[in-house]
$ cat final.cif   # mmCIF, C-alpha atoms
data_protein
loop_
_atom_site.label_atom_id
_atom_site.label_comp_id
_atom_site.auth_asym_id
_atom_site.auth_seq_id
_atom_site.Cartn_x
_atom_site.Cartn_y
_atom_site.Cartn_z
CA MET A 1 7.07 11.60 16.86
CA GLN A 2 5.10 9.09 14.83
CA THR A 3 6.67 5.86 13.70
CA ILE A 4 6.15 3.02 11.25
CA ALA A 5 8.03 -0.22 11.80
CA ILE A 6 9.54 -2.10 8.88
CA ALA A 7 11.73 -5.12 8.50
CA ALA A 8 14.52 -3.80 6.51
CA LEU A 9 17.19 -1.28 7.20
CA ALA A 10 14.77 1.20 6.93
CA VAL A 11 12.92 -1.12 8.62
CA VAL A 12 9.09 4.24 10.90
CA LEU A 13 6.10 4.03 13.02
CA ILE A 14 6.40 0.70 11.31
CA GLY A 15 8.54 -2.17 12.60
CA THR A 16 9.88 -5.58 11.75
CA THR A 17 11.06 -7.14 14.97
CA GLY A 18 9.31 -8.28 18.12
CA CYS A 19 9.41 -10.99 20.74
CA ALA A 20 6.34 -13.01 21.62
CA SER A 21 5.86 -12.63 25.36
CA LYS A 22 2.16 -13.45 25.22
CA ILE A 23 0.37 -15.49 22.59
CA HIS A 24 -3.00 -14.26 21.33
CA THR A 25 -5.69 -16.71 20.42
CA GLU A 26 -6.81 -16.94 16.82
CA PRO A 27 -10.21 -15.29 17.53
CA GLU A 28 -8.35 -12.25 18.90
CA GLN A 29 -6.32 -11.96 15.71
CA VAL A 30 -9.46 -12.16 13.61
CA ARG A 31 -11.06 -9.47 15.75
CA VAL A 32 -8.18 -7.07 15.10
CA LEU A 33 -8.19 -7.67 11.35
CA ARG A 34 -10.90 -5.44 9.84
CA ASP A 35 -11.70 -6.44 6.27
CA ASP A 36 -14.87 -4.33 6.48
CA LEU A 37 -12.82 -1.12 6.62
CA PHE A 38 -11.10 -1.91 3.33
CA PRO A 39 -13.64 -3.85 1.25
CA SER A 40 -11.56 -3.59 -1.95
CA TYR A 41 -8.35 -4.95 -0.42
CA HIS A 42 -8.79 -8.28 -2.23
CA LEU A 43 -8.36 -6.50 -5.57
CA PHE A 44 -4.65 -6.09 -4.81
CA SER A 45 -2.57 -9.17 -5.46
CA VAL A 46 0.03 -10.18 -2.89
CA GLU A 47 3.09 -12.19 -3.89
CA SER A 48 3.03 -15.79 -2.68
CA ALA A 49 5.89 -17.17 -0.60
CA LYS A 50 6.95 -19.19 -3.64
CA GLU A 51 7.09 -16.04 -5.79
CA ILE A 52 9.13 -14.20 -3.16
CA PHE A 53 11.88 -16.83 -3.20
CA SER A 54 11.76 -18.01 -6.82
CA LEU A 55 14.70 -17.39 -9.17
CA ASP A 56 14.18 -16.72 -12.86
CA ASP A 57 16.37 -18.24 -15.59
CA GLN A 58 18.89 -15.40 -15.50
CA ALA A 59 19.41 -15.67 -11.75
CA SER A 60 19.55 -19.48 -11.93
CA ASP A 61 22.21 -19.28 -14.64
CA PHE A 62 24.22 -16.95 -12.41
CA VAL A 63 24.17 -19.60 -9.68
CA ARG A 64 25.16 -22.41 -12.04
CA GLN A 65 28.07 -20.43 -13.45
CA SER A 66 29.47 -19.95 -9.96
CA GLN A 67 29.70 -23.68 -9.29
CA SER A 68 32.35 -26.13 -10.47
CA VAL A 69 32.72 -29.88 -9.95
CA GLN A 70 36.46 -29.28 -9.75
CA ARG A 71 36.11 -27.32 -6.50
CA VAL A 72 35.25 -28.59 -3.02
CA PRO A 73 31.80 -27.51 -1.72
CA HIS A 74 33.27 -24.88 0.60
CA ALA A 75 35.11 -23.26 -2.30
CA ASN A 76 31.92 -23.27 -4.40
CA MET A 77 30.03 -21.63 -1.54
CA ARG A 78 32.66 -18.92 -1.23
CA GLU A 79 32.67 -18.36 -4.99
CA LEU A 80 28.90 -17.90 -5.09
CA LEU A 81 28.85 -15.43 -2.21
CA ASN A 82 31.85 -13.54 -3.56
CA ARG A 83 30.06 -13.15 -6.87
CA ILE A 84 26.96 -11.84 -5.15
CA PHE A 85 29.06 -9.25 -3.34
CA ASP A 86 31.13 -8.41 -6.39
CA TYR A 87 29.77 -5.05 -7.49
CA SER A 88 31.88 -4.96 -10.60
CA GLU A 89 30.21 -8.09 -11.97
CA LEU A 90 26.74 -7.92 -10.52
CA GLY A 91 26.46 -4.26 -9.60
CA LEU A 92 24.22 -4.83 -6.58
CA LEU A 93 23.46 -1.58 -4.77
CA TYR A 94 22.06 -1.26 -1.29
CA GLN A 95 18.82 0.74 -1.32
CA SER A 96 16.83 0.81 1.91
CA SER A 97 13.47 1.56 0.28
CA ALA A 98 13.65 -1.19 -2.37
CA ASN A 99 11.49 -4.20 -1.45
CA SER A 100 11.55 -6.85 -4.16
CA VAL A 101 11.24 -10.60 -4.71
CA ALA A 102 14.42 -12.58 -5.41
CA SER A 103 14.29 -12.43 -9.21
CA GLU A 104 13.48 -8.71 -9.22
CA THR A 105 16.35 -8.02 -6.85
CA PHE A 106 18.76 -9.75 -9.21
CA ALA A 107 17.38 -7.95 -12.27
CA ASN A 108 17.09 -4.50 -10.67
CA ARG A 109 20.48 -4.70 -8.93
CA ALA A 110 19.18 -2.61 -6.03
CA ALA A 111 17.41 -3.71 -2.86
CA ASN A 112 17.36 -3.45 0.92
CA CYS A 113 18.94 -5.95 3.29
CA LEU A 114 15.78 -8.05 3.51
CA SER A 115 15.42 -8.45 -0.25
CA LEU A 116 19.14 -9.02 -0.71
CA SER A 117 19.05 -11.68 2.00
CA VAL A 118 16.04 -13.36 0.37
CA MET A 119 17.85 -13.46 -2.98
CA THR A 120 21.01 -14.85 -1.40
CA TYR A 121 19.02 -17.48 0.51
CA SER A 122 17.38 -18.61 -2.72
CA MET A 123 20.67 -18.71 -4.59
CA ALA A 124 22.36 -20.65 -1.81
CA ARG A 125 19.56 -23.22 -1.77
CA ALA A 126 19.66 -23.49 -5.56
CA ALA A 127 23.38 -24.31 -5.32
CA GLY A 128 22.70 -27.06 -2.80
CA PHE A 129 23.76 -25.23 0.37
CA THR A 130 21.71 -24.79 3.52
CA ALA A 131 20.81 -21.31 4.76
CA GLN A 132 19.39 -19.89 7.98
CA PHE A 133 17.93 -16.43 8.50
CA TYR A 134 18.76 -14.46 11.65
CA GLN A 135 17.14 -11.39 13.17
CA VAL A 136 19.72 -8.98 14.59
CA ASP A 137 18.90 -7.38 17.93
CA ILE A 138 19.83 -3.77 17.17
CA PRO A 139 18.86 -0.70 19.23
CA GLU A 140 16.02 1.46 17.95
CA TYR A 141 17.24 3.09 14.74
CA TRP A 142 15.13 5.45 12.64
CA THR A 143 15.24 6.98 9.21
CA ARG A 144 12.94 9.68 7.85
CA ARG A 145 10.93 9.17 4.66
CA ASP A 146 7.82 10.83 3.21
CA GLY A 147 6.89 12.42 6.53
CA TYR A 148 7.20 9.17 8.49
CA ASN A 149 9.80 7.98 10.96
CA LEU A 150 10.80 4.50 9.88
CA LEU A 151 12.00 2.19 12.62
CA ASN A 152 14.52 -0.10 11.02
CA GLY A 153 14.98 -3.74 11.80
CA HIS A 154 17.72 -5.92 10.40
CA ILE A 155 18.29 -9.51 9.33
CA ASN A 156 21.23 -11.48 7.98
CA LEU A 157 21.87 -15.14 7.21
CA ARG A 158 24.33 -18.00 7.51
CA VAL A 159 25.09 -20.14 4.46
CA GLN A 160 26.49 -23.58 5.17
CA VAL A 161 27.76 -26.55 3.23
CA ALA A 162 25.18 -29.33 3.44
CA GLN A 163 26.12 -31.92 6.04
CA ASN A 164 26.48 -35.60 5.44
CA SER A 165 26.30 -38.38 7.98
CA HIS A 166 30.08 -38.36 8.47
CA GLN A 167 30.40 -34.67 9.31
CA LEU A 168 30.17 -33.03 12.70
CA ASN A 169 28.22 -29.76 12.87
CA LEU A 170 31.17 -27.83 14.34
CA MET A 171 33.33 -28.81 11.39
CA THR A 172 30.81 -27.92 8.68
CA PRO A 173 32.09 -24.89 6.70
CA TYR A 174 29.84 -21.83 6.76
CA MET A 175 29.83 -18.13 5.88
CA ASP A 176 27.78 -15.37 7.48
CA VAL A 177 26.25 -12.91 5.04
CA ASP A 178 25.25 -9.37 6.04
CA PHE A 179 24.33 -6.61 3.59
CA ASP A 180 24.14 -3.87 6.21
CA PRO A 181 26.66 -1.15 5.33
CA GLN A 182 26.74 -0.21 9.01
CA THR A 183 29.14 -2.99 9.93
CA VAL A 184 29.18 -1.91 13.57
CA ARG A 185 25.96 -3.87 13.95
CA SER A 186 27.92 -7.10 13.83
CA ARG A 187 28.48 -6.84 17.58
CA PHE A 188 24.79 -7.28 18.35
CA LYS A 189 23.33 -10.65 19.19
CA ARG A 190 21.02 -12.38 16.76
CA VAL A 191 18.40 -15.11 16.88
CA PRO A 192 17.38 -17.60 14.16
CA ILE A 193 14.03 -16.92 12.53
CA SER A 194 11.79 -18.99 10.30
CA LYS A 195 11.20 -18.55 6.61
CA SER A 196 7.56 -17.71 7.36
CA ARG A 197 8.70 -14.79 9.53
CA VAL A 198 10.82 -13.50 6.65
CA VAL A 199 7.76 -13.74 4.40
CA ALA A 200 5.77 -11.74 6.98
CA MET A 201 8.55 -9.14 7.11
CA PHE A 202 8.47 -8.83 3.33
CA TYR A 203 4.69 -8.25 3.37
CA ASN A 204 5.08 -5.78 6.24
CA ASN A 205 7.63 -3.76 4.25
CA LYS A 206 5.40 -3.74 1.18
CA GLY A 207 2.47 -2.66 3.32
CA ALA A 208 4.54 0.19 4.75
CA ASP A 209 5.41 1.34 1.24
CA ALA A 210 1.72 1.34 0.30
CA LEU A 211 0.78 3.18 3.50
CA MET A 212 3.29 5.94 2.82
CA ALA A 213 1.91 6.18 -0.73
CA ASN A 214 -1.61 6.60 0.72
CA SER A 215 -2.75 3.38 -0.95
CA TYR A 216 -4.66 2.17 2.10
CA SER A 217 -6.46 -0.84 0.65
CA ARG A 218 -3.19 -2.16 -0.80
CA ALA A 219 -1.50 -1.56 2.55
CA TYR A 220 -4.20 -3.53 4.33
CA ALA A 221 -3.85 -6.41 1.85
CA TYR A 222 -0.15 -6.69 2.68
CA PHE A 223 -0.53 -6.21 6.43
CA LYS A 224 -3.23 -8.88 6.56
CA ALA A 225 -1.00 -11.23 4.58
CA ALA A 226 1.82 -10.53 7.04
CA ALA A 227 -0.40 -11.27 10.03
CA ASN A 228 -1.53 -14.52 8.44
CA ALA A 229 2.07 -15.50 7.66
CA ASP A 230 3.27 -14.84 11.23
CA SER A 231 0.81 -13.49 13.77
CA GLN A 232 3.62 -13.05 16.34
CA LEU A 233 5.38 -10.31 14.34
CA GLY A 234 4.54 -7.30 16.49
CA GLN A 235 5.41 -4.65 13.91
CA VAL A 236 2.54 -5.80 11.73
CA TRP A 237 0.01 -4.95 14.43
CA VAL A 238 1.69 -1.58 15.02
CA ASN A 239 1.49 -0.75 11.34
CA LEU A 240 -2.10 -1.92 11.10
CA GLY A 241 -2.82 0.46 13.96
CA VAL A 242 -1.21 3.32 12.02
CA LEU A 243 -3.33 2.39 9.00
CA TYR A 244 -6.52 2.26 11.07
CA ARG A 245 -5.69 5.62 12.64
CA LYS A 246 -5.13 7.18 9.21
CA HIS A 247 -8.54 5.75 8.30
CA GLN A 248 -9.95 7.37 11.49
CA ALA A 249 -10.95 3.94 12.81
CA TYR A 250 -9.67 4.77 16.29
CA PRO A 251 -11.10 1.82 18.25
CA ALA A 252 -9.59 -0.60 15.72
CA ALA A 253 -6.26 1.21 15.96
CA GLU A 254 -6.25 0.90 19.74
CA LYS A 255 -6.95 -2.84 19.57
CA SER A 256 -4.13 -3.28 17.08
CA TYR A 257 -1.61 -1.41 19.24
CA GLN A 258 -2.71 -3.42 22.25
CA GLN A 259 -2.18 -6.62 20.27
CA ALA A 260 1.43 -5.57 19.62
CA ILE A 261 1.97 -4.68 23.28
CA ALA A 262 0.54 -8.02 24.39
CA LEU A 263 3.14 -9.74 22.23
CA ASP A 264 5.95 -7.59 23.64
CA TYR A 265 5.29 -5.22 26.53
CA ASN A 266 8.54 -3.36 25.73
CA ASN A 267 7.50 -2.51 22.18
CA LEU A 268 8.10 1.23 22.48
CA THR A 269 6.86 1.89 18.95
CA ALA A 270 3.47 0.42 19.87
CA TRP A 271 3.32 2.50 23.05
CA GLU A 272 4.33 5.65 21.18
CA ASN A 273 1.60 5.20 18.59
CA LEU A 274 -0.90 4.46 21.34
CA ALA A 275 0.03 7.77 22.95
CA ILE A 276 -0.57 9.56 19.63
CA LEU A 277 -3.99 7.91 19.49
CA TYR A 278 -4.77 8.97 23.06
CA ARG A 279 -4.03 12.59 22.15
CA LEU A 280 -6.33 12.36 19.15
CA THR A 281 -9.09 11.03 21.39
CA GLN A 282 -8.55 13.64 24.14
CA ARG A 283 -6.91 11.26 26.63
CA ASN A 284 -3.98 13.58 27.21
CA GLU A 285 -3.11 12.45 30.72
CA GLU A 286 -2.64 8.86 29.58
CA ALA A 287 -0.64 10.06 26.58
CA ASP A 288 1.64 12.15 28.83
CA LEU A 289 2.39 9.18 31.06
CA ILE A 290 3.35 7.04 28.08
CA HIS A 291 5.53 9.75 26.52
CA ALA A 292 7.36 10.35 29.78
CA ARG A 293 8.16 6.66 30.15
CA ILE A 294 9.34 6.02 26.59
CA SER A 295 11.33 9.26 26.44
CA ALA A 296 13.22 8.23 29.56
CA GLN A 297 13.98 4.84 28.03
CA ARG A 298 15.15 6.37 24.76
CA ASP A 299 17.15 9.25 26.21
CA SER A 300 20.48 7.40 25.95
CA ASN A 301 19.88 6.36 22.32
CA PRO A 302 21.66 8.76 19.92
CA PHE A 303 19.30 7.88 17.09
CA TYR A 304 16.33 9.02 19.16
CA HIS A 305 17.84 12.51 19.30
CA PHE A 306 18.91 12.24 15.67
CA ILE A 307 15.37 11.60 14.46
CA LEU A 308 14.08 14.50 16.57
CA GLY A 309 16.64 16.65 14.76
CA GLU A 310 15.44 15.32 11.41
CA GLU A 311 11.85 16.23 12.32
CA ALA A 312 12.87 19.73 13.41
CA LEU A 313 14.85 20.29 10.21
CA GLU A 314 11.89 19.12 8.13
CA GLN A 315 9.72 21.62 10.01
CA GLY A 316 12.07 24.50 9.15
CA GLN A 317 13.68 24.75 12.59
CA PRO A 318 17.43 24.33 12.02
CA LYS A 319 18.41 25.80 15.40
CA VAL A 320 16.21 23.29 17.21
CA ALA A 321 17.60 20.55 14.97
CA LEU A 322 21.16 21.46 16.02
CA VAL A 323 20.24 21.03 19.68
CA HIS A 324 19.05 17.48 19.01
CA TYR A 325 21.99 16.61 16.74
CA ARG A 326 24.49 17.85 19.34
CA THR A 327 22.86 15.65 21.96
CA ALA A 328 23.21 12.71 19.58
CA LEU A 329 26.88 13.57 19.04
CA ARG A 330 27.56 13.64 22.76
CA LEU A 331 26.22 10.10 22.96
CA ASP A 332 27.98 8.75 19.86
CA ARG A 333 30.38 10.59 17.56
CA SER A 334 30.76 7.73 15.09
CA GLN A 335 27.45 7.99 13.22
CA HIS A 336 27.74 9.59 9.77
CA GLU A 337 24.00 10.32 9.63
CA VAL A 338 24.29 12.68 12.61
CA MET A 339 27.25 14.50 11.05
CA ALA A 340 25.29 14.89 7.83
CA GLY A 341 22.32 16.26 9.78
CA MET A 342 24.59 18.85 11.39
CA GLY A 343 25.82 19.81 7.94
CA ARG A 344 22.29 20.29 6.62
CA ALA A 345 21.29 22.35 9.66
CA PHE A 346 24.29 24.68 9.31
CA TYR A 347 23.53 25.04 5.60
CA GLU A 348 19.98 26.12 6.42
CA LEU A 349 21.45 28.68 8.84
CA GLY A 350 23.73 30.01 6.09
CA ASP A 351 26.98 28.79 7.66
CA ILE A 352 28.60 27.15 4.62
CA THR A 353 31.95 26.63 6.35
CA GLN A 354 30.44 24.55 9.14
CA ALA A 355 28.20 22.74 6.66
CA GLU A 356 31.29 21.68 4.67
CA ARG A 357 33.08 20.65 7.86
CA PHE A 358 30.35 18.28 9.01
CA LEU A 359 29.64 16.85 5.57
CA THR A 360 33.36 16.06 5.26
CA ARG A 361 33.22 14.26 8.61
CA ALA A 362 30.11 12.37 7.45
CA ALA A 363 31.89 11.24 4.27
CA ASN A 364 34.91 10.08 6.30
CA LEU A 365 32.74 8.07 8.70
CA ALA A 366 30.47 6.46 6.09
CA SER A 367 31.25 2.80 5.41
CA SER A 368 29.11 2.55 2.27
CA GLU A 369 30.54 3.80 -1.03
CA GLN A 370 27.06 5.03 -1.90
CA ASP A 371 26.89 7.21 1.21
CA LYS A 372 30.43 8.50 0.62
CA ALA A 373 29.52 9.43 -2.96
CA ARG A 374 26.32 11.14 -1.82
CA TYR A 375 28.18 13.27 0.73
CA GLN A 376 30.95 14.10 -1.73
CA SER A 377 28.33 15.28 -4.22
CA LYS A 378 26.84 17.60 -1.60
CA LEU A 379 30.32 18.86 -0.72
CA SER A 380 31.06 19.64 -4.35
CA ALA A 381 27.80 21.61 -4.58
CA LEU A 382 28.70 23.59 -1.46
CA GLN A 383 32.22 24.30 -2.64
CA ALA A 384 30.81 25.63 -5.90
CA LEU A 385 28.96 28.27 -3.87
CA ASN A 386 32.20 29.67 -2.43
#
$ encode --input "final.cif" --output "structure tokens"
Amino acid sequence: MQTIAIAALAVVLIGTTGCASKIHTEPEQVRVLRDDLFPSYHLFSVESAKEIFSLDDQASDFVRQSQSVQRVPHANMRELLNRIFDYSELGLLYQSSANSVASETFANRAANCLSLSVMTYSMARAAGFTAQFYQVDIPEYWTRRDGYNLLNGHINLRVQVAQNSHQLNLMTPYMDVDFDPQTVRSRFKRVPISKSRVVAMFYNNKGADALMANSYSRAYAYFKAAANADSQLGQVWVNLGVLYRKHQAYPAAEKSYQQAIALDYNNLTAWENLAILYRLTQRNEEADLIHARISAQRDSNPFYHFILGEEALEQGQPKVALVHYRTALRLDRSQHEVMAGMGRAFYELGDITQAERFLTRAANLASSEQDKARYQSKLSALQALN
């Protein structure tokens, strides 16, 4: 199992979250960054923080039209956020792989939770409200894309009416904004994060996209920018390690993974990638010890078994996939992704009846209209076969 950690819902041997348990010195960071391995990285432009958060005229007009001097600030705040969420007017669609700056998100009407949160933050600030980003402490959650396991992180934000000297903080109206269609995540704790960390997450996501597209110099440009924006974001060092390993720069990859582990000893994605590296460099005993430890820690996580099923299905092993999916179901029967995986596995085995059954259950469990529509489309295709 190889993983990329990203910062959006897709956040992957790529990640977006991490706690700083040990601070590296600046010389150590410079030592892990290896410009010499990607001498053309500077040819790829990286969006500035200002560009990430800037609104174009169309987006700015949208904000202005939501505000009225005849309403109290709280009502204006609610109107703005309602308009952002109003699909009939704005048509925003959640798309986990879409990483875009604020103006592009508004124009394209499709983005992941990070980009949607950045756009909302910028719109809230443009309307005169305050906004605070939060990182949500969710369990390890993977999706599969282009041969990579993507470890998803998640952020949301709180928008608040600006205080004046006569207001108490507890009485200041606010609204929490979360674009994650998996609303069950609302029960997880969250911590406030800085704007610079959000910038680093954005770069990390863009770097992951480039890595999966085999554009290694572009990936390095973004990962370096992420490290410079926030050197304590552990996922950046994990992803740099993946990039170095793909470049066969194994010593550099090991240093990068170790940097991530030094920031957070419990970064299982970093340990997992380190084990992969150990196998490549014939250190199998060390790799076995790491795999045994992280497998034991992940054994109670349904999404760990789910992603193993996804890998097996991708490798043409539907029977093996069913074993993993069933384990995931025993741990949690509420996840539509697992039901959909069961449906795909039964389809590969030629059992159309069971495939329809599990796709129906997936559609019933899905909270996103997009997911429901996707499953219904697959069901219609299956029913046409009967």
$ residues_near_point --input "final.cif" --point "(-1.6, -3.5, 20.5)" --cutoff "9 Å" --atoms "only C-alpha atoms" --output "ChimeraX atom specification"
/A:234,237-238,241,253-263,270-271,274
$ write_last_selection --input "final.cif" --atoms "C-alpha atoms" --output "mmCIF file, keeping the file's coordinate frame"
data_model
loop_
_atom_site.group_PDB
_atom_site.id
_atom_site.type_symbol
_atom_site.label_atom_id
_atom_site.label_comp_id
_atom_site.auth_asym_id
_atom_site.auth_seq_id
_atom_site.Cartn_x
_atom_site.Cartn_y
_atom_site.Cartn_z
ATOM 1 C CA GLY A 234 4.540 -7.300 16.490
ATOM 2 C CA TRP A 237 0.010 -4.950 14.430
ATOM 3 C CA VAL A 238 1.690 -1.580 15.020
ATOM 4 C CA GLY A 241 -2.820 0.460 13.960
ATOM 5 C CA ALA A 253 -6.260 1.210 15.960
ATOM 6 C CA GLU A 254 -6.250 0.900 19.740
ATOM 7 C CA LYS A 255 -6.950 -2.840 19.570
ATOM 8 C CA SER A 256 -4.130 -3.280 17.080
ATOM 9 C CA TYR A 257 -1.610 -1.410 19.240
ATOM 10 C CA GLN A 258 -2.710 -3.420 22.250
ATOM 11 C CA GLN A 259 -2.180 -6.620 20.270
ATOM 12 C CA ALA A 260 1.430 -5.570 19.620
ATOM 13 C CA ILE A 261 1.970 -4.680 23.280
ATOM 14 C CA ALA A 262 0.540 -8.020 24.390
ATOM 15 C CA LEU A 263 3.140 -9.740 22.230
ATOM 16 C CA ALA A 270 3.470 0.420 19.870
ATOM 17 C CA TRP A 271 3.320 2.500 23.050
ATOM 18 C CA LEU A 274 -0.900 4.460 21.340
#
$ resolve_selection --input "final.cif" --expression "the PyMOL selection byres ((chain A and resi 356-372) around 8)" --output "list of chain:residue names"
A:Pro181, A:Gln182, A:Thr183, A:Ser334, A:Gln335, A:His336, A:Glu337, A:Val338, A:Met339, A:Ala340, A:Met342, A:Gly343, A:Ile352, A:Thr353, A:Gln354, A:Ala355, A:Ala373, A:Arg374, A:Tyr375, A:Gln376, A:Lys378, A:Leu379, A:Leu382, A:Gln383
$ atom_distance --input "final.cif" --atom1 "CA of Ser295 in chain A" --atom2 "CA of Leu114 in chain A"
29.1 Å
$ closest_atom_pairs --input "final.cif" --of "range 200-287 of chain A" --to "range 42-50 of chain A" --cutoff "10 Å" --atoms "all atoms listed in the file" --output "CSV"
residue,atom,partner,partner_atom,distance
A:Ala200,CA,A:Ala49,CA,9.3
A:Phe202,CA,A:Ala49,CA,9.6
A:Tyr203,CA,A:Val46,CA,8.0
A:Lys206,CA,A:Val46,CA,9.3
A:Ser217,CA,A:Phe44,CA,7.8
A:Arg218,CA,A:Phe44,CA,5.8
A:Ala219,CA,A:Phe44,CA,9.2
A:Tyr220,CA,A:His42,CA,9.3
A:Ala221,CA,A:His42,CA,6.7
A:Tyr222,CA,A:Val46,CA,6.6
A:Ala225,CA,A:Val46,CA,7.6
A:Ala229,CA,A:Ala49,CA,9.3
$ write_last_selection --input "final.cif" --atoms "C-alpha atoms" --output "PDB file, keeping the file's coordinate frame"
ATOM      1  CA  ALA A 200       5.770 -11.740   6.980  1.00  0.00           C
ATOM      2  CA  PHE A 202       8.470  -8.830   3.330  1.00  0.00           C
ATOM      3  CA  TYR A 203       4.690  -8.250   3.370  1.00  0.00           C
ATOM      4  CA  LYS A 206       5.400  -3.740   1.180  1.00  0.00           C
ATOM      5  CA  SER A 217      -6.460  -0.840   0.650  1.00  0.00           C
ATOM      6  CA  ARG A 218      -3.190  -2.160  -0.800  1.00  0.00           C
ATOM      7  CA  ALA A 219      -1.500  -1.560   2.550  1.00  0.00           C
ATOM      8  CA  TYR A 220      -4.200  -3.530   4.330  1.00  0.00           C
ATOM      9  CA  ALA A 221      -3.850  -6.410   1.850  1.00  0.00           C
ATOM     10  CA  TYR A 222      -0.150  -6.690   2.680  1.00  0.00           C
ATOM     11  CA  ALA A 225      -1.000 -11.230   4.580  1.00  0.00           C
ATOM     12  CA  ALA A 229       2.070 -15.500   7.660  1.00  0.00           C
TER      13      ALA A 229
END
$ resolve_selection --input "final.cif" --expression "the PyMOL selection byres ((chain A and resi 303) around 9)" --output "NGL selection string"
:A and (139-143 or 298 or 300-302 or 304-308 or 328 or 338)
$ resolve_selection --input "final.cif" --expression "the PyMOL selection byres ((chain A and resi 103) around 12)" --output "PyMOL selection string"
chain A and resi 50-62+99-102+104-111+115-116+118-123
$ decode --input "final.cif" --residues "range 298-320 of chain A" --atoms "C-alpha atoms" --output "PDB file, in the first residue's frame"
ATOM      1  CA  ARG A 298      -5.050   0.513  11.368  1.00  0.00           C
ATOM      2  CA  ASP A 299      -6.871  -2.782  11.818  1.00  0.00           C
ATOM      3  CA  SER A 300      -9.935  -1.164  13.416  1.00  0.00           C
ATOM      4  CA  ASN A 301     -10.236   1.495  10.691  1.00  0.00           C
ATOM      5  CA  PRO A 302     -12.840   0.458   8.078  1.00  0.00           C
ATOM      6  CA  PHE A 303     -11.260   2.666   5.438  1.00  0.00           C
ATOM      7  CA  TYR A 304      -7.966   0.796   5.784  1.00  0.00           C
ATOM      8  CA  HIS A 305      -9.736  -2.394   4.714  1.00  0.00           C
ATOM      9  CA  PHE A 306     -11.715  -0.472   2.111  1.00  0.00           C
ATOM     10  CA  ILE A 307      -8.595   0.806   0.371  1.00  0.00           C
ATOM     11  CA  LEU A 308      -7.086  -2.696   0.425  1.00  0.00           C
ATOM     12  CA  GLY A 309     -10.249  -3.823  -1.363  1.00  0.00           C
ATOM     13  CA  GLU A 310      -9.868  -1.018  -3.893  1.00  0.00           C
ATOM     14  CA  GLU A 311      -6.280  -2.104  -4.583  1.00  0.00           C
ATOM     15  CA  ALA A 312      -7.323  -5.746  -5.006  1.00  0.00           C
ATOM     16  CA  LEU A 313     -10.141  -4.796  -7.381  1.00  0.00           C
ATOM     17  CA  GLU A 314      -7.753  -2.657  -9.425  1.00  0.00           C
ATOM     18  CA  GLN A 315      -5.421  -5.659  -9.640  1.00  0.00           C
ATOM     19  CA  GLY A 316      -8.198  -7.871 -11.027  1.00  0.00           C
ATOM     20  CA  GLN A 317      -8.833  -9.797  -7.803  1.00  0.00           C
ATOM     21  CA  PRO A 318     -12.537  -9.302  -7.004  1.00  0.00           C
ATOM     22  CA  LYS A 319     -12.707 -12.247  -4.582  1.00  0.00           C
ATOM     23  CA  VAL A 320      -9.852 -10.808  -2.533  1.00  0.00           C
TER      24      VAL A 320
END
